[in-house]
Amino acid sequence: MPEQQHQSILDAAIHCARECEHCGDACIGQMPECAKLCRDCAQMCWTIAAYISRDSRFIPHIVNSCLNICQACADECSKHDNEHCQKCAQACRRAASEYQKVASLAGVA
């Protein structure tokens, strides 16, 4: 899974990680569950980005975990009306959609 062939997945992972980092920071102290999920999601998306960048053979094995975390984060963030949560939810849904494509192609979905 060379990086060049999967630029959209890499872009989605990085965008999601950044939005989750921002949202998690903004939610600390006010919405602890949101902050926790955002931090978990950011960590997994950074991990996926690294695996894609180095064309790891383990990508299909970790996309489902990241997919589930992104979906949980999107569900939580979509409950909140503030802009950073809405942007985070949107980024999580986009990343989840990209991860689903990888999982489906690998037969692990």
# chains A, B, ... in the order shown; residues from 1 in each chain; ligands from 1

$ residues_around --residues "A:Glu83" --least-positions-apart "6" --cutoff "12 Å" --atoms "only C-alpha atoms" --output "MDAnalysis selection string"
chainID A and resid 19 22:23 26:27 77 89:90

$ write_last_selection --atoms "all heavy atoms" --output "tab-separated table (two decimals), in the first residue's frame"
chain	number	residue	atom	x	y	z
A	19	GLU	N	-7.53	17.78	13.62
A	19	GLU	CA	-8.81	18.28	14.14
A	19	GLU	C	-9.09	17.69	15.53
A	19	GLU	O	-9.59	18.39	16.41
A	19	GLU	CB	-9.96	17.95	13.18
A	19	GLU	CG	-9.94	18.72	11.90
A	19	GLU	CD	-10.12	20.23	12.06
A	19	GLU	OE1	-10.72	20.69	13.06
A	19	GLU	OE2	-9.65	20.97	11.17
A	22	HIS	N	-6.93	19.46	18.15
A	22	HIS	CA	-7.50	20.77	18.46
A	22	HIS	C	-8.75	20.64	19.32
A	22	HIS	O	-8.91	21.33	20.33
A	22	HIS	CB	-7.81	21.53	17.16
A	22	HIS	CG	-8.53	22.81	17.38
A	22	HIS	ND1	-7.92	23.92	17.93
A	22	HIS	CD2	-9.81	23.16	17.15
A	22	HIS	CE1	-8.80	24.90	18.02
A	22	HIS	NE2	-9.95	24.46	17.56
A	23	CYS	N	-9.66	19.77	18.92
A	23	CYS	CA	-10.90	19.57	19.66
A	23	CYS	C	-10.63	19.05	21.07
A	23	CYS	O	-11.22	19.53	22.03
A	23	CYS	CB	-11.82	18.62	18.89
A	23	CYS	SG	-13.48	18.47	19.56
A	26	ALA	N	-9.47	21.80	23.25
A	26	ALA	CA	-10.55	22.75	23.55
A	26	ALA	C	-11.57	22.18	24.54
A	26	ALA	O	-12.20	22.94	25.28
A	26	ALA	CB	-11.25	23.16	22.25
A	27	CYS	N	-11.71	20.87	24.56
A	27	CYS	CA	-12.73	20.24	25.41
A	27	CYS	C	-12.23	19.85	26.81
A	27	CYS	O	-13.04	19.49	27.66
A	27	CYS	CB	-13.30	19.01	24.70
A	27	CYS	SG	-14.33	19.43	23.28
A	77	CYS	N	-18.58	13.97	19.20
A	77	CYS	CA	-18.41	15.37	18.81
A	77	CYS	C	-19.66	15.95	18.16
A	77	CYS	O	-19.95	17.13	18.34
A	77	CYS	CB	-17.20	15.53	17.89
A	77	CYS	SG	-15.62	15.41	18.75
A	89	ALA	N	-15.93	16.13	14.12
A	89	ALA	CA	-16.85	15.06	13.71
A	89	ALA	C	-16.79	14.84	12.21
A	89	ALA	O	-16.76	13.70	11.74
A	89	ALA	CB	-18.28	15.40	14.15
A	90	GLN	N	-16.74	15.92	11.46
A	90	GLN	CA	-16.67	15.82	10.00
A	90	GLN	C	-15.37	15.14	9.57
A	90	GLN	O	-15.36	14.27	8.71
A	90	GLN	CB	-16.78	17.21	9.39
A	90	GLN	CG	-16.79	17.22	7.89
A	90	GLN	CD	-16.90	18.64	7.33
A	90	GLN	OE1	-16.60	19.62	7.99
A	90	GLN	NE2	-17.34	18.73	6.09

$ residues_around --residues "A:Ala96" --least-positions-apart "2" --cutoff "9 Å" --atoms "only C-alpha atoms" --output "list in words"
Ala12, Ala13, Val63, Cys66, Leu67, Asn68, Ile69, Cys70, Gln71, Ala91, Cys92, Arg93, Arg94, Glu98, Tyr99, Gln100 and Lys101 of chain A

$ write_last_selection --atoms "N, CA, C and O atoms" --output "compact mmCIF listing (two decimals), in the first residue's frame"
# COMPACT_ATOMS: atom_id res chain seq x y z
N ALA A 12 -6.64 12.14 4.85
CA ALA A 12 -7.75 12.05 5.79
C ALA A 12 -7.26 11.75 7.20
O ALA A 12 -7.76 12.32 8.18
N ALA A 13 -6.27 10.87 7.32
CA ALA A 13 -5.72 10.52 8.63
C ALA A 13 -5.07 11.73 9.29
O ALA A 13 -5.30 12.00 10.48
N VAL A 63 -6.63 -0.89 10.70
CA VAL A 63 -7.65 0.05 10.23
C VAL A 63 -9.00 -0.13 10.93
O VAL A 63 -9.69 0.85 11.18
N CYS A 66 -8.99 1.74 14.23
CA CYS A 66 -9.05 3.18 14.00
C CYS A 66 -10.42 3.58 13.47
O CYS A 66 -10.95 4.62 13.87
N LEU A 67 -10.99 2.77 12.64
CA LEU A 67 -12.33 3.03 12.12
C LEU A 67 -13.34 3.14 13.26
O LEU A 67 -14.14 4.07 13.33
N ASN A 68 -13.29 2.20 14.19
CA ASN A 68 -14.21 2.20 15.33
C ASN A 68 -14.01 3.42 16.22
O ASN A 68 -14.97 4.02 16.70
N ILE A 69 -12.77 3.79 16.44
CA ILE A 69 -12.49 4.96 17.28
C ILE A 69 -12.96 6.24 16.59
O ILE A 69 -13.55 7.11 17.22
N CYS A 70 -12.72 6.35 15.29
CA CYS A 70 -13.16 7.53 14.54
C CYS A 70 -14.68 7.65 14.59
O CYS A 70 -15.22 8.75 14.74
N GLN A 71 -15.37 6.55 14.44
CA GLN A 71 -16.83 6.59 14.49
C GLN A 71 -17.34 7.01 15.87
O GLN A 71 -18.26 7.81 15.98
N ALA A 91 -14.25 15.53 10.18
CA ALA A 91 -12.95 14.93 9.85
C ALA A 91 -12.93 13.45 10.22
O ALA A 91 -12.38 12.63 9.48
N CYS A 92 -13.53 13.11 11.35
CA CYS A 92 -13.58 11.71 11.77
C CYS A 92 -14.41 10.86 10.81
O CYS A 92 -14.02 9.73 10.49
N ARG A 93 -15.51 11.41 10.34
CA ARG A 93 -16.34 10.65 9.39
C ARG A 93 -15.60 10.44 8.07
O ARG A 93 -15.69 9.37 7.47
N ARG A 94 -14.89 11.45 7.62
CA ARG A 94 -14.12 11.31 6.37
C ARG A 94 -13.04 10.24 6.54
O ARG A 94 -12.86 9.39 5.68
N GLU A 98 -12.54 6.52 4.64
CA GLU A 98 -11.30 6.08 3.97
C GLU A 98 -10.80 4.76 4.57
O GLU A 98 -10.38 3.86 3.84
N TYR A 99 -10.86 4.62 5.89
CA TYR A 99 -10.40 3.39 6.53
C TYR A 99 -11.29 2.22 6.15
O TYR A 99 -10.81 1.09 6.01
N GLN A 100 -12.57 2.48 5.98
CA GLN A 100 -13.50 1.43 5.56
C GLN A 100 -13.11 0.89 4.20
O GLN A 100 -13.18 -0.32 3.95
N LYS A 101 -12.68 1.77 3.31
CA LYS A 101 -12.24 1.33 1.97
C LYS A 101 -11.06 0.37 2.09
O LYS A 101 -11.01 -0.65 1.41

$ closest_residue --among "A:Cys73, A:Arg18, A:Ser97, A:Asp11" --to "A:Lys36" --atoms "only C-alpha atoms"
A:Cys73

$ atom_distance --atom1 "atom CA of A:Leu10" --atom2 "atom CA of A:His84"
21.3 Å

$ residues_around --residues "A:Phe58" --least-positions-apart "2" --cutoff "12 Å" --atoms "only C-alpha atoms" --output "number ranges by chain"
A: 1, 47-48, 50-52, 54-56, 60-64, 102-103, 106, 108

$ write_last_selection --atoms "N, CA, C and O atoms" --output "short mmCIF file (atom, residue, chain, number, x, y, z; two decimals), in the first residue's frame"
data_model
loop_
_atom_site.label_atom_id
_atom_site.label_comp_id
_atom_site.auth_asym_id
_atom_site.auth_seq_id
_atom_site.Cartn_x
_atom_site.Cartn_y
_atom_site.Cartn_z
N MET A 1 0.84 -1.18 0.00
CA MET A 1 0.00 0.00 0.00
C MET A 1 0.89 1.25 0.00
O MET A 1 1.02 1.92 1.00
N THR A 47 -0.97 7.22 14.01
CA THR A 47 -0.39 5.89 13.81
C THR A 47 -0.69 5.38 12.40
O THR A 47 0.22 4.89 11.71
N ILE A 48 -1.93 5.51 11.96
CA ILE A 48 -2.28 5.09 10.60
C ILE A 48 -1.44 5.85 9.58
O ILE A 48 -0.93 5.26 8.62
N ALA A 50 1.49 7.10 9.90
CA ALA A 50 2.86 6.57 9.92
C ALA A 50 2.94 5.23 9.19
O ALA A 50 3.86 5.00 8.40
N TYR A 51 1.98 4.35 9.44
CA TYR A 51 1.98 3.04 8.78
C TYR A 51 1.85 3.20 7.27
O TYR A 51 2.52 2.49 6.52
N ILE A 52 0.97 4.11 6.83
CA ILE A 52 0.81 4.33 5.40
C ILE A 52 2.09 4.90 4.81
O ILE A 52 2.54 4.49 3.74
N ARG A 54 5.10 4.47 5.61
CA ARG A 54 6.18 3.49 5.45
C ARG A 54 5.71 2.20 4.77
O ARG A 54 6.43 1.21 4.75
N ASP A 55 4.48 2.23 4.23
CA ASP A 55 3.94 1.10 3.48
C ASP A 55 3.99 -0.19 4.30
O ASP A 55 4.41 -1.24 3.82
N SER A 56 3.52 -0.10 5.53
CA SER A 56 3.54 -1.25 6.43
C SER A 56 2.57 -2.33 5.99
O SER A 56 1.46 -2.05 5.53
N PRO A 60 -3.80 -3.26 7.12
CA PRO A 60 -5.13 -3.88 7.19
C PRO A 60 -5.50 -4.37 8.59
O PRO A 60 -6.68 -4.45 8.93
N HIS A 61 -4.52 -4.64 9.40
CA HIS A 61 -4.78 -5.16 10.74
C HIS A 61 -5.18 -4.07 11.73
O HIS A 61 -5.79 -4.38 12.75
N ILE A 62 -4.82 -2.84 11.46
CA ILE A 62 -5.12 -1.78 12.42
C ILE A 62 -6.23 -0.84 11.96
O ILE A 62 -6.75 -0.08 12.77
N VAL A 63 -6.63 -0.89 10.70
CA VAL A 63 -7.65 0.05 10.23
C VAL A 63 -9.00 -0.13 10.93
O VAL A 63 -9.69 0.85 11.18
N ASN A 64 -9.37 -1.34 11.26
CA ASN A 64 -10.66 -1.54 11.94
C ASN A 64 -10.69 -0.88 13.30
O ASN A 64 -11.69 -0.28 13.68
N VAL A 102 -10.11 0.70 2.94
CA VAL A 102 -8.92 -0.15 3.12
C VAL A 102 -9.35 -1.49 3.72
O VAL A 102 -8.92 -2.55 3.24
N ALA A 103 -10.20 -1.44 4.73
CA ALA A 103 -10.66 -2.67 5.38
C ALA A 103 -11.40 -3.56 4.38
O ALA A 103 -11.21 -4.78 4.37
N ALA A 106 -9.05 -5.18 1.93
CA ALA A 106 -8.22 -6.20 2.58
C ALA A 106 -9.04 -7.38 3.06
O ALA A 106 -8.48 -8.37 3.54
N VAL A 108 -11.05 -7.35 5.69
CA VAL A 108 -11.12 -7.40 7.15
C VAL A 108 -12.31 -6.65 7.69
O VAL A 108 -12.47 -6.53 8.89
#

$ select_by_dssp --residues "chain A" --states "helix (DSSP H, G or I)" --output "JSON, numbers by chain"
{"A": [3, 4, 5, 6, 7, 8, 9, 10, 11, 12, 13, 14, 15, 16, 17, 18, 19, 20, 21, 22, 23, 24, 25, 26, 27, 32, 33, 34, 35, 36, 37, 38, 39, 40, 41, 42, 43, 44, 45, 46, 47, 48, 49, 50, 51, 52, 53, 59, 60, 61, 62, 63, 64, 65, 66, 67, 68, 69, 70, 71, 72, 73, 74, 75, 76, 77, 83, 84, 85, 86, 87, 88, 89, 90, 91, 92, 93, 94, 95, 96, 97, 98, 99, 100, 101, 102, 103, 104, 105, 106]}

$ atom_distance --atom1 "atom CA of A:His15" --atom2 "atom CA of A:Pro32"
21.9 Å

$ atom_distance --atom1 "atom CA of A:Ala17" --atom2 "atom CA of A:Lys87"
11.7 Å

$ decode --residues "stretch 67-92 of chain A" --atoms "N, CA, C and O atoms" --output "short mmCIF file (atom, residue, chain, number, x, y, z; two decimals), in the first residue's frame"
data_model
loop_
_atom_site.label_atom_id
_atom_site.label_comp_id
_atom_site.auth_asym_id
_atom_site.auth_seq_id
_atom_site.Cartn_x
_atom_site.Cartn_y
_atom_site.Cartn_z
N LEU A 67 -10.99 2.77 12.64
CA LEU A 67 -12.33 3.03 12.12
C LEU A 67 -13.34 3.14 13.26
O LEU A 67 -14.14 4.07 13.33
N ASN A 68 -13.29 2.20 14.19
CA ASN A 68 -14.21 2.20 15.33
C ASN A 68 -14.01 3.42 16.22
O ASN A 68 -14.97 4.02 16.70
N ILE A 69 -12.77 3.79 16.44
CA ILE A 69 -12.49 4.96 17.28
C ILE A 69 -12.96 6.24 16.59
O ILE A 69 -13.55 7.11 17.22
N CYS A 70 -12.72 6.35 15.29
CA CYS A 70 -13.16 7.53 14.54
C CYS A 70 -14.68 7.65 14.59
O CYS A 70 -15.22 8.75 14.74
N GLN A 71 -15.37 6.55 14.44
CA GLN A 71 -16.83 6.59 14.49
C GLN A 71 -17.34 7.01 15.87
O GLN A 71 -18.26 7.81 15.98
N ALA A 72 -16.72 6.49 16.92
CA ALA A 72 -17.11 6.87 18.28
C ALA A 72 -16.83 8.35 18.53
O ALA A 72 -17.65 9.05 19.14
N CYS A 73 -15.70 8.83 18.05
CA CYS A 73 -15.35 10.24 18.22
C CYS A 73 -16.33 11.13 17.45
O CYS A 73 -16.80 12.14 17.96
N ALA A 74 -16.64 10.75 16.23
CA ALA A 74 -17.60 11.52 15.43
C ALA A 74 -18.96 11.56 16.11
O ALA A 74 -19.61 12.62 16.17
N ASP A 75 -19.40 10.44 16.65
CA ASP A 75 -20.69 10.39 17.35
C ASP A 75 -20.69 11.33 18.56
O ASP A 75 -21.66 12.06 18.78
N GLU A 76 -19.62 11.30 19.33
CA GLU A 76 -19.54 12.17 20.52
C GLU A 76 -19.47 13.64 20.12
O GLU A 76 -20.21 14.47 20.65
N CYS A 77 -18.58 13.97 19.20
CA CYS A 77 -18.41 15.37 18.81
C CYS A 77 -19.66 15.95 18.16
O CYS A 77 -19.95 17.13 18.34
N SER A 78 -20.39 15.14 17.43
CA SER A 78 -21.58 15.64 16.75
C SER A 78 -22.69 16.03 17.74
O SER A 78 -23.61 16.75 17.37
N LYS A 79 -22.58 15.61 18.99
CA LYS A 79 -23.55 15.99 20.02
C LYS A 79 -23.39 17.44 20.47
O LYS A 79 -24.28 17.99 21.09
N HIS A 80 -22.23 18.03 20.19
CA HIS A 80 -21.91 19.36 20.70
C HIS A 80 -22.03 20.40 19.59
O HIS A 80 -21.65 20.16 18.45
N ASP A 81 -22.53 21.56 19.95
CA ASP A 81 -22.81 22.60 18.96
C ASP A 81 -21.63 23.48 18.60
O ASP A 81 -21.73 24.26 17.66
N ASN A 82 -20.53 23.38 19.32
CA ASN A 82 -19.42 24.29 19.02
C ASN A 82 -18.70 23.90 17.72
O ASN A 82 -18.74 22.75 17.29
N GLU A 83 -18.08 24.88 17.11
CA GLU A 83 -17.48 24.70 15.79
C GLU A 83 -16.36 23.65 15.78
O GLU A 83 -16.28 22.83 14.87
N HIS A 84 -15.51 23.66 16.80
CA HIS A 84 -14.39 22.71 16.80
C HIS A 84 -14.87 21.27 16.88
O HIS A 84 -14.32 20.39 16.22
N CYS A 85 -15.94 21.00 17.63
CA CYS A 85 -16.47 19.64 17.69
C CYS A 85 -17.11 19.24 16.36
O CYS A 85 -16.96 18.10 15.92
N GLN A 86 -17.81 20.15 15.72
CA GLN A 86 -18.44 19.85 14.44
C GLN A 86 -17.39 19.58 13.36
O GLN A 86 -17.53 18.66 12.55
N LYS A 87 -16.32 20.37 13.36
CA LYS A 87 -15.23 20.14 12.40
C LYS A 87 -14.54 18.81 12.67
O LYS A 87 -14.17 18.08 11.75
N CYS A 88 -14.39 18.48 13.94
CA CYS A 88 -13.77 17.21 14.32
C CYS A 88 -14.64 16.04 13.87
O CYS A 88 -14.15 15.07 13.30
N ALA A 89 -15.93 16.13 14.12
CA ALA A 89 -16.85 15.06 13.71
C ALA A 89 -16.79 14.84 12.21
O ALA A 89 -16.76 13.70 11.74
N GLN A 90 -16.74 15.92 11.46
CA GLN A 90 -16.67 15.82 10.00
C GLN A 90 -15.37 15.14 9.57
O GLN A 90 -15.36 14.27 8.71
N ALA A 91 -14.25 15.53 10.18
CA ALA A 91 -12.95 14.93 9.85
C ALA A 91 -12.93 13.45 10.22
O ALA A 91 -12.38 12.63 9.48
N CYS A 92 -13.53 13.11 11.35
CA CYS A 92 -13.58 11.71 11.77
C CYS A 92 -14.41 10.86 10.81
O CYS A 92 -14.02 9.73 10.49
#
